[in-house]
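The structure appears below as structure tokens.
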Amino acid sequence: MSKKILLDKINVPGIKTYEVYRQNGGYASVEKAMKEMTPDAVVEEVKNSGLRGRGGAGFPAGLKWSFIDKKSGKPRHLVCNADESEPGTFKDRYLMEFIPHLLIEGMITSSFALGANLSYIYIRGEYMWVYKILERAIAEAKAAGWLGKNILGTGYDLELYVHCGAGAYICGEETALIESLEGKRGNPRIKPPFPAVSGLWANPTVVNNVETIASVPWIVNNSGDEYSKIGIGRSTGTKLISASGHVKNPGVYEIELGLSVYEFMNSDEYLGGMSSIRPLKALVPGGSSVPILPADLIYKTANGDDRLMTYESLSDGGFATGSMLGSGGFIVYDDTACIVRNTWNFARFYHHESCGQCSPCREGTGWLEKVLWRIENGQGREEDIDLLWSIQSKIEGNTICPLGDAASWPVAAAIRHFRDEFEYHVRFPEKIKNRNHFVAEPFEKVKHLVSKVIV
Amino acid sequence: MKCTPYKQEIKMTEELMNRINELMSHYPEDKKKSALLPILHEVQDAHDNWLSTELMDKVAEILQILPIEVYEVVSFYSMYNQRPIGKYMFEFCHTSPCCLKGTEDLMDYTCEKLGVKVGEITPDGLFEVKGVECLGACGYAPMMQLGDFYKENLTEDKIDQLIADCRDNKIILHDK
């Protein structure tokens, strides 16, 4: 059994309620931070822990905290990003639904460290029942004296509220999230200024993912050094991985960073292998935005090293032969899955979710969707594959926020690793008429047809 | 946006106004506009799950902002409906991880069973089938959102049961 620090008490009956959570050591980090530590000392512990942002970018959390502008004297805010919408990712929801007080405890301790007196949890509107769970948990915490004026007699005041979005993936980008929290359309802002200087209502603001904030209580209770002993190298601590697709046991798992991808995929403690006898074809290890890996690059890197669940190992080889840990949305494909269809589906997602501010993303994602759709439907042309490559390369890096990159990467990786499958779609339109064309006849069996055709 | 093809009766009950005032209290005195998204959810839930121009104007009046500030938000976010919808809207997640587990076939089954196409409302106004983007339930696919709740690990049998439960008025849409 690997070490669990977020989900270790998830199976305690009644852990959702304040009483049980408190009886099991809950809110100890608030007491420790406020009574025995200074806010800066808490920031130091988080820095020492090596904790990296768990939303996808992996930026060191302590460093992000240290950027917050304390000199201007403006009110400061901590905003929790619970707008989980990256396809393949459903870990934050699990945490908030089943152990809501852990997030609230983390919010209080972290707000204290940042000197924030008004903090928010921004949750996606679709998680409405979780919104209610959090609202009730906050009321319980407030009734018990963990929120409000003069908490624990220290003179520190904090109000915490939940705010719900209304269905927009883009609001997971921190500046779009702030716009949305201000009651506007979720259009990302141009940076700089960064939120640490000018965020919510132009006040210094830190935006952190749910899992990042939920890790703070353990770090405060046990020290940053102890946390940094878990994991490997710069990938410290544990990570929640949400697994979906063709695996035996889909769901949310807490792993120690450094576990091998092979063990995570195949051991009974985790995914238990594939859902059927069909073989593994591809893997998206960190949510839809990260490059897809073909079967031969999943368990081993291009150098032949074991592929591990760490930021570094998953990105080993760059985009040529690697991917990213991202948000931990682990999507597994067996040989019945069609990579072209999957890529089209993701392109449709990004087209739908593009906010429309930047032309390369607004127009480019639409082009990607349309061209992929015609390939998938047997109306593709040989030159479409290069056209797709050209479109994605013109979106990447040319937009205000990373949604443009996120839309480009899956397309680029699919062409890079599965070009022959695209060619098959273009050359044999009659064979892909049925939506589930690879169920009866997996691509492996018809692959030889592609090489026979003389272009 | 003056002429709207649909009529909607505006019912700002005391209960709804209390909730709106509570939501407004979550933000600083001069930042009440921040409450717009949560308020729109409450107002929509209390008005058959859609927002007419008149209703959006009412929200603008309450928040003391311009009507356009409400319209631009409503048109941006996919959860706000600008036309009447089926009472029970089956919002299937049709993003790739869910499709790997047969969502498209299940949507076809549901549409056939209800005699509608995706995006259509049944003649009795009870049902509508819609495909939406990732709902964050990839491991429990196929799944749908129905009101405030998720229905997960769906099968054809579960769809049959759900339709029957809706017809028998056994489904709670909102947690208030």
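Just so we're on the same page: first chain in the structure tokens is A, next is B, and so on; residues restart at 1 for each chain, and ligands are numbered from 1 in the order they show up.
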
Handout entry: Interface residues on chain A facing chain B, 8 Å, only C-alpha atoms, written as a ChimeraX atom specification
Key = /A:84-90,93,125-129,132,161,163-168,180-186,242-246,250-251,331,333,337,342,345-346,349

Practice task
as number ranges by chain, please: all residues of range 64-307 of chain A that backbone DSSP puts in helix (DSSP H, G or I).
Solution key: A: 64-66, 91-98, 100-114, 128-143, 169-172, 174-181, 200-202, 210-222, 224-228, 261-266, 295-297

Problem - Counting only C-alpha atoms, the option among A:Arg52, A:Ser354, A:Thr365, A:Tyr131 closest to Leu257 in chain A - result: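 Distance minimum relative to Leu257 in chain A lands on A:Arg52.
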
Exercise for the section: Would you kindly return, as a list in words, each protein, DNA or RNA residue with an atom no farther than 10 Å from any atom of Trp218 in chain A, considering only C-alpha atoms and excluding same-chain residues fewer than 2 positions away? Expected result: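 The filter keeps Ile5, Leu6, Ala28, Ser29, Leu102, Gly106, Ala214, Ser215, Val216, Val220, Asn221, Asn222, Ser223, Gly224, Glu226 and Tyr227 of chain A.
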
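Residue-level DSSP output for chain B, from the backbone, shows strand (DSSP E) at Tyr88, Met89, Phe90, Glu91, Phe92, Cys93, Phe127, Glu128, Val129, Lys130, Gly131, Val132, Met144, Gln145, Leu146, Phe149, Tyr150 and Lys151 of chain B.
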
Would you mind exporting C-alpha atoms of the selected residues as a compact mmCIF listing (two decimals), in the first residue's frame?
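Now in result.txt:
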# COMPACT_ATOMS: atom_id res chain seq x y z
CA TYR B 88 -36.48 16.54 -17.82
CA MET B 89 -33.45 17.37 -19.90
CA PHE B 90 -31.18 14.35 -20.32
CA GLU B 91 -27.78 15.94 -20.78
CA PHE B 92 -25.47 13.14 -21.86
CA CYS B 93 -21.76 13.76 -21.63
CA PHE B 127 -38.24 15.19 -22.17
CA GLU B 128 -35.32 16.52 -24.11
CA VAL B 129 -32.07 14.77 -25.06
CA LYS B 130 -28.91 16.78 -25.37
CA GLY B 131 -25.21 16.03 -25.83
CA VAL B 132 -22.95 18.17 -23.65
CA MET B 144 -25.92 12.20 -17.83
CA GLN B 145 -26.82 15.26 -15.87
CA LEU B 146 -30.46 15.55 -14.86
CA PHE B 149 -27.66 15.56 -10.16
CA TYR B 150 -25.63 13.05 -12.13
CA LYS B 151 -26.95 9.65 -13.23

Exercise for the section: Select, from A:Glu256, A:Asp335, A:Asp8, A:Glu135, the residue with the minimum atom-to-atom distance to Leu280 in chain A, counting only C-alpha atoms. Expected result: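 Among the listed residues, the smallest separation from Leu280 in chain A belongs to A:Asp335.
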
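The coordinates place CA of Glu211 in chain A at 16.7 Å from CA of Met309 in chain A.
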
Handout entry: Pick from A:Val207, A:Leu158, A:Ile138, A:Met96 nearest to Lys64 in chain A, counting only C-alpha atoms
Key =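 When distances to Lys64 in chain A are compared using only C-alpha atoms, the smallest one comes from A:Val207.
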
Exercise for the section: Rounded to one decimal place, report the CA of Ala320 in chain A-CA of Leu449 in chain A distance in Å. Expected result: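 Separation of CA of Ala320 in chain A and CA of Leu449 in chain A: 25.8 Å.
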
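Across the structure, CA of Lys16 in chain A and CA of Ile99 in chain A are spaced 5.1 Å apart.
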
Exercise for the section: Pick out the residues sitting within 9 Å of Asp334 in chain A, and hand them over as a PyMOL selection string; count only C-alpha atoms, and ignore anything fewer than 5 positions along from it in its own chain. Expected result: chain A and resi 245-247+274-276+278-283

Write the residues of the selection above to a file with N, CA and C atoms, as a compact mmCIF listing (two decimals), in the first residue's frame.
# COMPACT_ATOMS: atom_id res chain seq x y z
N GLY A 245 -11.95 5.11 -19.28
CA GLY A 245 -11.72 4.39 -20.52
C GLY A 245 -11.75 2.88 -20.30
N HIS A 246 -10.96 2.17 -21.11
CA HIS A 246 -11.04 0.71 -21.14
C HIS A 246 -10.20 0.05 -20.05
N VAL A 247 -10.44 0.39 -18.80
CA VAL A 247 -9.73 -0.29 -17.72
C VAL A 247 -10.72 -1.02 -16.83
N MET A 274 -6.71 -4.15 -18.23
CA MET A 274 -7.72 -3.72 -19.19
C MET A 274 -9.10 -4.26 -18.81
N SER A 275 -10.13 -3.63 -19.37
CA SER A 275 -11.50 -4.05 -19.04
C SER A 275 -11.91 -5.32 -19.77
N SER A 276 -11.19 -5.66 -20.84
CA SER A 276 -11.54 -6.88 -21.57
C SER A 276 -10.24 -7.50 -22.07
N ARG A 278 -9.16 -7.21 -24.96
CA ARG A 278 -8.60 -6.39 -26.03
C ARG A 278 -7.32 -5.69 -25.54
N PRO A 279 -6.31 -5.62 -26.39
CA PRO A 279 -5.02 -5.07 -25.94
C PRO A 279 -5.00 -3.54 -25.83
N LEU A 280 -4.07 -3.06 -25.03
CA LEU A 280 -3.87 -1.63 -24.85
C LEU A 280 -3.37 -1.02 -26.16
N LYS A 281 -3.98 0.11 -26.55
CA LYS A 281 -3.58 0.76 -27.80
C LYS A 281 -2.93 2.11 -27.55
N ALA A 282 -3.47 2.86 -26.63
CA ALA A 282 -2.96 4.21 -26.40
C ALA A 282 -3.34 4.70 -25.01
N LEU A 283 -2.65 5.76 -24.60
CA LEU A 283 -2.92 6.32 -23.27
C LEU A 283 -2.79 7.84 -23.32

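Proximity ranking of B:Asp48, B:Glu152, B:Asp57, B:Asp108 relative to Gly125 in chain B places B:Asp48 first, based on only C-alpha atoms.
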
Practice task
Might you pull out every residue within 9 Å of Arg381 in chain A, with only C-alpha atoms counted and same-chain residues fewer than 3 positions away left off, and present them as a PyMOL selection string?
Solution key: chain A and resi 374-375+378+384-385+423+426-427
